[in-house]
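What's in work-v1.tsv: TSV, C-alpha atoms
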```
chain	number	residue	atom	x	y	z
C	1	MET	CA	-78.04	-59.34	-40.84
C	2	SER	CA	-75.12	-59.72	-43.05
C	3	ALA	CA	-71.78	-60.67	-41.48
C	4	PRO	CA	-69.14	-57.94	-41.20
C	5	VAL	CA	-66.50	-57.96	-43.92
C	6	ARG	CA	-63.07	-58.73	-42.60
C	7	GLY	CA	-60.24	-57.02	-44.40
C	8	ARG	CA	-56.50	-56.35	-43.86
C	9	SER	CA	-56.04	-53.53	-41.39
C	10	THR	CA	-53.78	-50.70	-42.53
C	11	ARG	CA	-51.82	-48.65	-39.99
C	12	VAL	CA	-51.49	-45.08	-41.15
C	13	ARG	CA	-48.43	-43.23	-39.86
C	14	PRO	CA	-49.22	-39.93	-38.31
C	15	ALA	CA	-48.17	-36.92	-40.39
C	16	SER	CA	-46.19	-35.60	-37.44
C	17	ASN	CA	-43.86	-38.65	-37.53
C	18	ARG	CA	-43.16	-38.18	-41.21
C	19	ARG	CA	-42.34	-34.55	-40.74
C	20	GLN	CA	-40.01	-35.38	-37.84
C	21	LYS	CA	-38.07	-37.97	-39.84
C	22	SER	CA	-37.84	-35.60	-42.80
C	23	ALA	CA	-36.43	-32.87	-40.54
C	24	GLU	CA	-33.87	-35.30	-39.07
C	25	TYR	CA	-32.78	-36.35	-42.54
C	26	ARG	CA	-32.33	-32.73	-43.63
C	27	ALA	CA	-30.38	-31.99	-40.44
C	28	ARG	CA	-28.03	-34.93	-41.11
C	29	ARG	CA	-27.55	-33.77	-44.65
C	30	ARG	CA	-26.68	-30.26	-43.48
C	31	VAL	CA	-24.07	-31.69	-41.05
C	32	ILE	CA	-22.52	-33.80	-43.79
C	33	VAL	CA	-22.47	-30.89	-46.25
C	34	ARG	CA	-21.01	-28.60	-43.58
C	35	ARG	CA	-18.24	-31.09	-42.76
C	36	ARG	CA	-17.38	-31.54	-46.40
C	37	LEU	CA	-17.33	-27.79	-46.91
C	38	VAL	CA	-15.03	-27.30	-43.90
C	39	ALA	CA	-12.72	-30.06	-45.18
C	40	LEU	CA	-12.65	-28.46	-48.64
C	41	LEU	CA	-11.95	-25.00	-47.24
C	42	THR	CA	-9.20	-26.42	-45.03
C	43	LEU	CA	-7.59	-28.15	-47.99
C	44	LEU	CA	-7.80	-25.01	-50.12
C	45	SER	CA	-6.30	-22.97	-47.27
C	46	VAL	CA	-3.39	-25.39	-46.89
C	47	VAL	CA	-2.78	-25.42	-50.64
C	48	GLY	CA	-3.00	-21.62	-50.81
C	49	LEU	CA	-0.66	-21.13	-47.83
C	50	THR	CA	1.84	-23.63	-49.24
C	51	TYR	CA	1.80	-21.87	-52.58
C	52	CYS	CA	2.31	-18.46	-50.96
C	53	VAL	CA	5.18	-19.70	-48.79
C	54	PHE	CA	7.02	-21.67	-51.47
C	55	PHE	CA	6.27	-19.79	-54.67
C	56	THR	CA	5.56	-16.11	-53.91
C	57	PRO	CA	7.44	-13.23	-52.25
C	58	LEU	CA	4.94	-13.18	-49.37
C	59	LEU	CA	7.56	-14.81	-47.11
C	60	GLY	CA	10.44	-13.91	-49.39
C	61	VAL	CA	13.78	-12.35	-48.55
C	62	HIS	CA	13.46	-8.65	-47.80
C	63	GLN	CA	16.68	-8.13	-45.83
C	64	VAL	CA	20.18	-9.66	-45.69
C	65	ASP	CA	21.66	-8.88	-42.28
C	66	VAL	CA	25.47	-9.12	-42.10
C	67	ARG	CA	27.14	-9.45	-38.70
C	68	GLY	CA	30.80	-9.76	-37.71
C	69	SER	CA	32.52	-8.19	-40.72
C	70	VAL	CA	35.48	-5.96	-39.87
C	71	VAL	CA	37.51	-5.27	-43.01
C	72	LEU	CA	34.93	-6.58	-45.45
C	73	THR	CA	31.97	-4.29	-46.09
C	74	ASP	CA	28.42	-5.56	-45.69
C	75	ASP	CA	27.81	-4.98	-49.39
C	76	GLU	CA	30.82	-7.14	-50.32
C	77	VAL	CA	29.39	-9.98	-48.26
C	78	ARG	CA	25.88	-9.50	-49.72
C	79	ASP	CA	27.27	-9.48	-53.25
C	80	ALA	CA	29.08	-12.76	-52.58
C	81	ALA	CA	25.95	-14.32	-51.04
C	82	ALA	CA	23.99	-13.46	-54.23
C	83	ILE	CA	20.55	-13.75	-52.61
C	84	GLU	CA	17.79	-12.51	-54.92
C	85	PRO	CA	15.35	-10.13	-53.18
C	86	GLY	CA	11.94	-11.74	-52.79
C	87	SER	CA	13.27	-15.29	-53.05
C	88	PRO	CA	11.04	-17.60	-50.95
C	89	LEU	CA	12.77	-17.94	-47.59
C	90	VAL	CA	12.04	-21.64	-47.17
C	91	ARG	CA	13.49	-22.52	-50.58
C	92	LEU	CA	16.85	-20.81	-50.14
C	93	ASP	CA	19.94	-22.90	-50.85
C	94	LEU	CA	21.70	-22.28	-47.52
C	95	ILE	CA	24.65	-24.48	-48.45
C	96	GLY	CA	25.18	-22.57	-51.68
C	97	ILE	CA	25.01	-19.23	-49.86
C	98	HIS	CA	27.48	-20.51	-47.25
C	99	ASP	CA	29.92	-21.72	-49.88
C	100	ARG	CA	29.79	-18.47	-51.87
C	101	VAL	CA	30.49	-16.32	-48.82
C	102	ALA	CA	33.13	-18.74	-47.48
C	103	ALA	CA	34.97	-18.39	-50.80
C	104	LEU	CA	35.86	-14.79	-49.91
C	105	PRO	CA	39.57	-14.94	-48.99
C	106	ARG	CA	39.11	-12.93	-45.78
C	107	VAL	CA	36.32	-15.14	-44.44
C	108	ALA	CA	37.41	-17.79	-41.95
C	109	ALA	CA	33.90	-19.00	-41.09
C	110	VAL	CA	30.29	-18.12	-41.89
C	111	GLU	CA	26.89	-19.15	-40.55
C	112	VAL	CA	23.68	-18.66	-42.53
C	113	GLU	CA	20.36	-18.31	-40.68
C	114	ARG	CA	16.75	-17.83	-41.79
C	115	GLN	CA	14.68	-15.45	-39.69
C	116	LEU	CA	10.96	-15.03	-40.32
C	117	PRO	CA	9.28	-13.21	-41.83
C	118	GLY	CA	11.90	-12.23	-44.42
C	119	THR	CA	15.47	-11.94	-43.14
C	120	VAL	CA	18.64	-13.91	-43.89
C	121	ARG	CA	21.40	-13.38	-41.33
C	122	LEU	CA	25.05	-13.95	-42.25
C	123	LEU	CA	27.39	-14.32	-39.26
C	124	ILE	CA	30.95	-13.69	-40.45
C	125	THR	CA	34.26	-14.50	-38.79
C	126	GLU	CA	37.14	-12.84	-40.60
C	127	ARG	CA	40.68	-14.16	-40.69
C	128	VAL	CA	43.14	-12.58	-38.28
C	129	PRO	CA	46.78	-12.21	-39.40
C	130	VAL	CA	49.54	-13.76	-37.34
C	131	GLY	CA	52.18	-12.23	-39.60
C	132	SER	CA	52.91	-10.78	-43.02
C	133	VAL	CA	55.28	-11.92	-45.74
C	134	LYS	CA	57.03	-9.34	-47.91
C	135	LEU	CA	56.91	-10.37	-51.57
C	136	PRO	CA	57.41	-8.36	-54.80
C	137	ASP	CA	53.70	-7.50	-55.07
C	138	GLY	CA	53.28	-6.37	-51.46
C	139	PHE	CA	52.85	-7.71	-47.94
C	140	HIS	CA	50.89	-10.97	-47.83
C	141	LEU	CA	48.80	-11.54	-44.71
C	142	VAL	CA	48.96	-15.06	-43.26
C	143	ASP	CA	46.45	-16.35	-40.70
C	144	SER	CA	46.75	-18.98	-37.95
C	145	THR	CA	46.16	-21.80	-40.45
C	146	GLY	CA	48.97	-20.65	-42.74
C	147	LYS	CA	46.61	-19.35	-45.41
C	148	ASP	CA	47.82	-16.42	-47.50
C	149	TYR	CA	44.58	-14.47	-47.79
C	150	ALA	CA	45.26	-10.79	-48.57
C	151	VAL	CA	47.92	-8.41	-49.91
C	152	LEU	CA	48.65	-4.97	-48.48
C	153	PRO	CA	50.86	-2.25	-49.97
C	154	THR	CA	52.60	-1.69	-46.61
C	155	ALA	CA	53.54	-3.87	-43.66
C	156	ALA	CA	50.66	-4.91	-41.42
C	157	PRO	CA	50.90	-3.16	-38.04
C	158	GLY	CA	51.10	-5.21	-34.87
C	159	VAL	CA	52.22	-8.50	-36.44
C	160	PRO	CA	55.74	-9.87	-37.03
C	161	GLU	CA	57.29	-10.23	-40.43
C	162	LEU	CA	57.38	-13.82	-41.65
C	163	VAL	CA	60.27	-14.66	-43.93
C	164	LEU	CA	59.08	-17.42	-46.26
C	165	ALA	CA	59.77	-18.26	-49.87
C	166	ALA	CA	56.13	-18.99	-50.73
C	167	PRO	CA	53.56	-18.81	-47.91
C	168	SER	CA	51.06	-21.65	-48.14
C	169	SER	CA	49.19	-23.85	-45.69
C	170	ALA	CA	50.71	-26.83	-47.55
C	171	ASP	CA	54.28	-25.57	-47.18
C	172	PRO	CA	56.24	-27.21	-44.29
C	173	ALA	CA	58.15	-23.99	-43.59
C	174	THR	CA	54.93	-21.99	-43.39
C	175	ARG	CA	53.32	-24.54	-41.09
C	176	ALA	CA	56.36	-24.52	-38.81
C	177	VAL	CA	56.53	-20.71	-38.60
C	178	VAL	CA	52.81	-20.35	-37.99
C	179	GLY	CA	52.90	-23.17	-35.45
C	180	VAL	CA	55.56	-21.32	-33.45
C	181	VAL	CA	53.82	-17.94	-33.67
C	182	ASN	CA	50.47	-19.42	-32.62
C	183	GLU	CA	51.92	-20.81	-29.39
C	184	LEU	CA	54.14	-17.96	-28.28
C	185	PRO	CA	53.19	-16.59	-24.85
C	186	GLU	CA	51.52	-13.17	-24.80
C	187	LYS	CA	54.37	-11.75	-22.74
C	188	LEU	CA	56.87	-12.55	-25.51
C	189	ARG	CA	54.84	-11.46	-28.53
C	190	PRO	CA	55.60	-7.70	-28.34
C	191	ASP	CA	59.33	-8.49	-28.65
C	192	VAL	CA	58.96	-10.66	-31.77
C	193	VAL	CA	60.10	-8.79	-34.87
C	194	GLN	CA	60.57	-11.56	-37.40
C	195	VAL	CA	60.09	-15.32	-37.75
C	196	SER	CA	61.77	-17.19	-40.60
C	197	ALA	CA	62.25	-20.73	-41.91
C	198	THR	CA	63.30	-22.55	-45.05
C	199	SER	CA	62.00	-25.92	-43.90
C	200	GLY	CA	59.91	-27.37	-41.11
C	201	ALA	CA	62.91	-27.77	-38.81
C	202	ASP	CA	64.92	-24.52	-38.94
C	203	VAL	CA	62.66	-21.83	-37.51
C	204	LYS	CA	64.48	-18.71	-36.37
C	205	VAL	CA	62.91	-15.97	-34.24
C	206	THR	CA	64.31	-12.44	-34.20
C	207	LEU	CA	63.53	-10.32	-31.17
C	208	THR	CA	63.95	-6.64	-30.47
C	209	GLY	CA	67.51	-5.58	-29.66
C	210	ASN	CA	68.96	-7.73	-32.48
C	211	ARG	CA	68.49	-10.86	-30.42
C	212	VAL	CA	68.14	-14.05	-32.45
C	213	VAL	CA	66.66	-17.33	-31.24
C	214	LYS	CA	67.35	-20.65	-32.92
C	215	TRP	CA	64.03	-22.44	-32.47
C	216	GLY	CA	64.28	-25.53	-34.65
C	217	SER	CA	60.94	-27.20	-35.33
C	218	ALA	CA	57.54	-26.16	-33.97
C	219	ASP	CA	57.55	-29.17	-31.64
C	220	GLU	CA	57.47	-28.37	-27.91
C	221	THR	CA	56.99	-24.66	-28.61
C	222	PRO	CA	55.37	-23.92	-25.21
C	223	ARG	CA	58.29	-25.56	-23.40
C	224	LYS	CA	60.86	-23.81	-25.60
C	225	ALA	CA	59.14	-20.50	-24.92
C	226	ALA	CA	59.22	-21.10	-21.17
C	227	VAL	CA	62.95	-21.89	-21.33
C	228	LEU	CA	63.58	-18.81	-23.48
C	229	MET	CA	61.81	-16.52	-21.00
C	230	VAL	CA	64.28	-17.61	-18.34
C	231	MET	CA	67.26	-17.28	-20.67
C	232	LEU	CA	66.28	-13.74	-21.68
C	233	THR	CA	67.11	-12.62	-18.15
C	234	ARG	CA	70.77	-13.24	-19.03
C	235	PRO	CA	72.88	-11.03	-21.30
C	236	GLY	CA	73.35	-12.27	-24.84
C	237	LEU	CA	72.30	-11.88	-28.47
C	238	ALA	CA	72.13	-15.51	-29.64
C	239	PHE	CA	69.84	-18.01	-27.96
C	240	ASP	CA	69.34	-21.66	-28.84
C	241	VAL	CA	66.25	-23.50	-27.60
C	242	SER	CA	66.04	-26.03	-30.41
C	243	ALA	CA	66.91	-28.66	-27.78
C	244	PRO	CA	65.11	-27.27	-24.72
C	245	ASP	CA	66.92	-29.67	-22.38
C	246	LEU	CA	70.27	-28.17	-23.47
C	247	PRO	CA	69.66	-24.46	-24.18
C	248	THR	CA	72.56	-22.10	-24.84
C	249	VAL	CA	73.08	-18.34	-24.85
C	250	SER	CA	75.97	-16.30	-26.18
```
Translate the structure of the given file into C-alpha cells.
Amino acid sequence: MSAPVRGRSTRVRPASNRRQKSAEYRARRRVIVRRRLVALLTLLSVVGLTYCVFFTPLLGVHQVDVRGSVVLTDDEVRDAAAIEPGSPLVRLDLIGIHDRVAALPRVAAVEVERQLPGTVRLLITERVPVGSVKLPDGFHLVDSTGKDYAVLPTAAPGVPELVLAAPSSADPATRAVVGVVNELPEKLRPDVVQVSATSGADVKVTLTGNRVVKWGSADETPRKAAVLMVMLTRPGLAFDVSAPDLPTVS
C-alpha cells in the first residue's frame, strides 16, 4: 500500500459567515452615510435659516409701533426713525434709530425695542413745559432742563410766563428760573404768574394779586418756599425770601 499523502490543510469559511460580515459592513456604511447626511442637512438648514434671518424680509420689519407720543403724531416719529419696511429685524441699527428720534425737539427720551416676528416699538417721552418765554417770533416752551424746544403762536395754558433774554440750558438766568419753578410746592404753583431773572442770582416771582417775591438764587428753594407760604398769610405785596433766615414783607 502506498503511504497517504500529507498536505497543508485548508479551512474553508462557511458561506453564512461571509454573508454575515458583508451585511454588517453594509449596515455600518449605511449608519455612516446617514450620519453624514444628517450633518449636511443640519448645516444647510442653519445656513439657510441664517440667510433668511439676516438677509431677507422673512423676519423683516412689518410694523413700527409708537407709544407715548402726545403732541407728536405717530407718523412724525416714524418719519424721524426712518426704518425701511422689510429691513431684517436683527440687523437694525438701534442706536441710529434712537438718535434720529431723540433729535426731535419735543422728545425728552426714547427707547427702541425689537419684537419678533417683525415689530419695532418706539417708546416716547415728550418734553413737558414748565413755562413759556415771549419772544418776537412767539411763545417759546421751556422744559425742566431749561431747553427751549418749541414755539407757539399764543401763550401756553397752565404754565407761568418766564421772562428771559434768551432761554437756553446753558444760560445762568434760565437755569436759575427753571430751578426755582421745578421745586415750587404744588400748593403754590396755581398762584405763580411770572418768573423772571437777568442772572443766576436775581430771580423774581410774581404771584396773583400783584404780589412780587424777591427770590434771589435757586439755592434753598424748598426752604424759601416754605417760608413764603407762612409769609403769605400776612398782608403785603412785596415779599423777600432771598435770605430765608431774614425774610421781609411789606
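Minimum atom-to-atom distances from C:Leu246, C:Val130, C:Leu152, C:Val142 to Val193 of chain C were compared using only C-alpha atoms, and the lowest value belongs to C:Val130.
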(request) Please provide the set of residues having any atom within 8 Å of Glu126 of chain C, restricted to only C-alpha atoms, with same-chain residues fewer than 5 positions apart removed, written as a VMD selection string. (result) chain C and resid 68 to 71 106 to 109
(request) Go through C:Pro172, C:Pro160, C:Gly179, C:Gly96 and flag the residue nearest Val133 of chain C, using all atoms listed in the file for the distances. (result)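 Going through C:Pro172, C:Pro160, C:Gly179, C:Gly96 one by one, the smallest distance to Val133 of chain C is for C:Pro160.
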(request) Check the smallest atom-to-atom distance from each of C:Leu164, C:Leu228, C:Ala156, C:Val151 to Pro185 of chain C using all atoms listed in the file, then report the winner. (result)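 The shortest atom-to-atom distance to Pro185 of chain C comes from C:Leu228.
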(message) If I take atom CA of Leu135 of chain C and atom CA of Thr198 of chain C, how far is one from the other in Å, to one decimal?
(response)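 Interatomic distance here is 15.2 Å.
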(request) May I ask for the distance between atom CA of Ser199 of chain C and atom CA of Pro157 of chain C, given in Å to one decimal place? (result)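 Rounded to one decimal, the two atoms are 26.0 Å apart.
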(request) Measuring atom to atom with all atoms listed in the file, identify which of C:Leu116, C:Val66, C:Ala197, C:Val61 is nearest to Leu92 of chain C. (result)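 That would be C:Val61, the residue with the smallest distance to Leu92 of chain C.
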(request) Find the residues near Asp75 of chain C: any atom within 12 Å, counting all atoms listed in the file, skip ones fewer than 6 places away on the same chain, and give them as a PyMOL selection string. (result) chain C and resi 64-67+69+81-83+101+122
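One distance worth recording is that between atom CA of Ala166 of chain C and atom CA of Leu72 of chain C, which is 25.1 Å.
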(message) Here's a test: counting only C-alpha atoms, identify every protein, DNA and RNA residue with an atom at most 9 Å from (47.5, -16.8, -47.7) in the file's coordinate frame, and state them as a list in words.
(response) Pro105, His140, Leu141, Val142, Asp143, Thr145, Gly146, Lys147, Asp148, Tyr149, Ala150, Val151, Pro167, Ser168 and Ser169 of chain C
Atoms added to segment 141-152 of chain C (all heavy atoms), reported as a compact mmCIF listing (two decimals), keeping the file's coordinate frame:
```
# COMPACT_ATOMS: atom_id res chain seq x y z
N LEU C 141 49.26 -11.19 -46.05
CA LEU C 141 48.80 -11.54 -44.71
C LEU C 141 48.60 -13.05 -44.62
O LEU C 141 48.03 -13.67 -45.51
CB LEU C 141 47.49 -10.83 -44.38
CG LEU C 141 47.53 -9.30 -44.37
CD1 LEU C 141 46.17 -8.75 -43.96
CD2 LEU C 141 48.62 -8.79 -43.43
N VAL C 142 49.07 -13.63 -43.51
CA VAL C 142 48.96 -15.06 -43.26
C VAL C 142 48.23 -15.26 -41.94
O VAL C 142 48.55 -14.60 -40.94
CB VAL C 142 50.35 -15.73 -43.21
CG1 VAL C 142 50.23 -17.21 -42.85
CG2 VAL C 142 51.08 -15.55 -44.54
N ASP C 143 47.21 -16.14 -41.94
CA ASP C 143 46.45 -16.35 -40.70
C ASP C 143 46.98 -17.55 -39.92
O ASP C 143 48.00 -18.15 -40.28
CB ASP C 143 44.95 -16.49 -41.00
CG ASP C 143 44.59 -17.84 -41.59
OD1 ASP C 143 45.50 -18.62 -41.98
OD2 ASP C 143 43.39 -18.12 -41.68
N SER C 144 46.27 -17.93 -38.85
CA SER C 144 46.75 -18.98 -37.95
C SER C 144 46.75 -20.37 -38.58
O SER C 144 47.31 -21.30 -38.02
CB SER C 144 45.89 -19.01 -36.68
OG SER C 144 44.54 -19.27 -37.00
N THR C 145 46.13 -20.52 -39.75
CA THR C 145 46.16 -21.80 -40.45
C THR C 145 47.25 -21.85 -41.50
O THR C 145 47.46 -22.88 -42.15
CB THR C 145 44.80 -22.07 -41.14
OG1 THR C 145 44.62 -21.14 -42.22
CG2 THR C 145 43.65 -21.95 -40.16
N GLY C 146 47.94 -20.72 -41.70
CA GLY C 146 48.97 -20.65 -42.74
C GLY C 146 48.44 -20.18 -44.07
O GLY C 146 49.19 -20.16 -45.06
N LYS C 147 47.19 -19.79 -44.13
CA LYS C 147 46.61 -19.35 -45.41
C LYS C 147 47.04 -17.93 -45.73
O LYS C 147 46.94 -17.02 -44.91
CB LYS C 147 45.08 -19.41 -45.35
CG LYS C 147 44.41 -19.00 -46.67
CD LYS C 147 42.93 -19.16 -46.61
CE LYS C 147 42.26 -18.69 -47.90
NZ LYS C 147 42.73 -19.42 -49.08
N ASP C 148 47.49 -17.74 -46.95
CA ASP C 148 47.82 -16.42 -47.50
C ASP C 148 46.53 -15.86 -48.08
O ASP C 148 46.03 -16.34 -49.10
CB ASP C 148 48.90 -16.60 -48.58
CG ASP C 148 49.23 -15.32 -49.33
OD1 ASP C 148 48.64 -14.27 -49.02
OD2 ASP C 148 50.08 -15.37 -50.24
N TYR C 149 45.94 -14.85 -47.42
CA TYR C 149 44.58 -14.47 -47.79
C TYR C 149 44.40 -13.02 -48.25
O TYR C 149 43.31 -12.66 -48.71
CB TYR C 149 43.63 -14.72 -46.62
CG TYR C 149 43.85 -13.84 -45.41
CD1 TYR C 149 43.18 -12.63 -45.26
CD2 TYR C 149 44.73 -14.22 -44.41
CE1 TYR C 149 43.38 -11.82 -44.16
CE2 TYR C 149 44.94 -13.42 -43.30
CZ TYR C 149 44.27 -12.23 -43.17
OH TYR C 149 44.48 -11.43 -42.08
N ALA C 150 45.42 -12.18 -48.13
CA ALA C 150 45.26 -10.79 -48.57
C ALA C 150 46.63 -10.18 -48.79
O ALA C 150 47.64 -10.63 -48.24
CB ALA C 150 44.49 -9.98 -47.54
N VAL C 151 46.67 -9.12 -49.61
CA VAL C 151 47.92 -8.41 -49.91
C VAL C 151 47.74 -6.93 -49.59
O VAL C 151 46.76 -6.31 -50.02
CB VAL C 151 48.33 -8.58 -51.39
CG1 VAL C 151 49.65 -7.88 -51.65
CG2 VAL C 151 48.41 -10.06 -51.75
N LEU C 152 48.68 -6.39 -48.83
CA LEU C 152 48.65 -4.97 -48.48
C LEU C 152 49.85 -4.26 -49.11
O LEU C 152 50.90 -4.87 -49.31
CB LEU C 152 48.70 -4.79 -46.96
CG LEU C 152 47.57 -5.42 -46.13
CD1 LEU C 152 47.79 -5.13 -44.65
CD2 LEU C 152 46.21 -4.91 -46.59
```
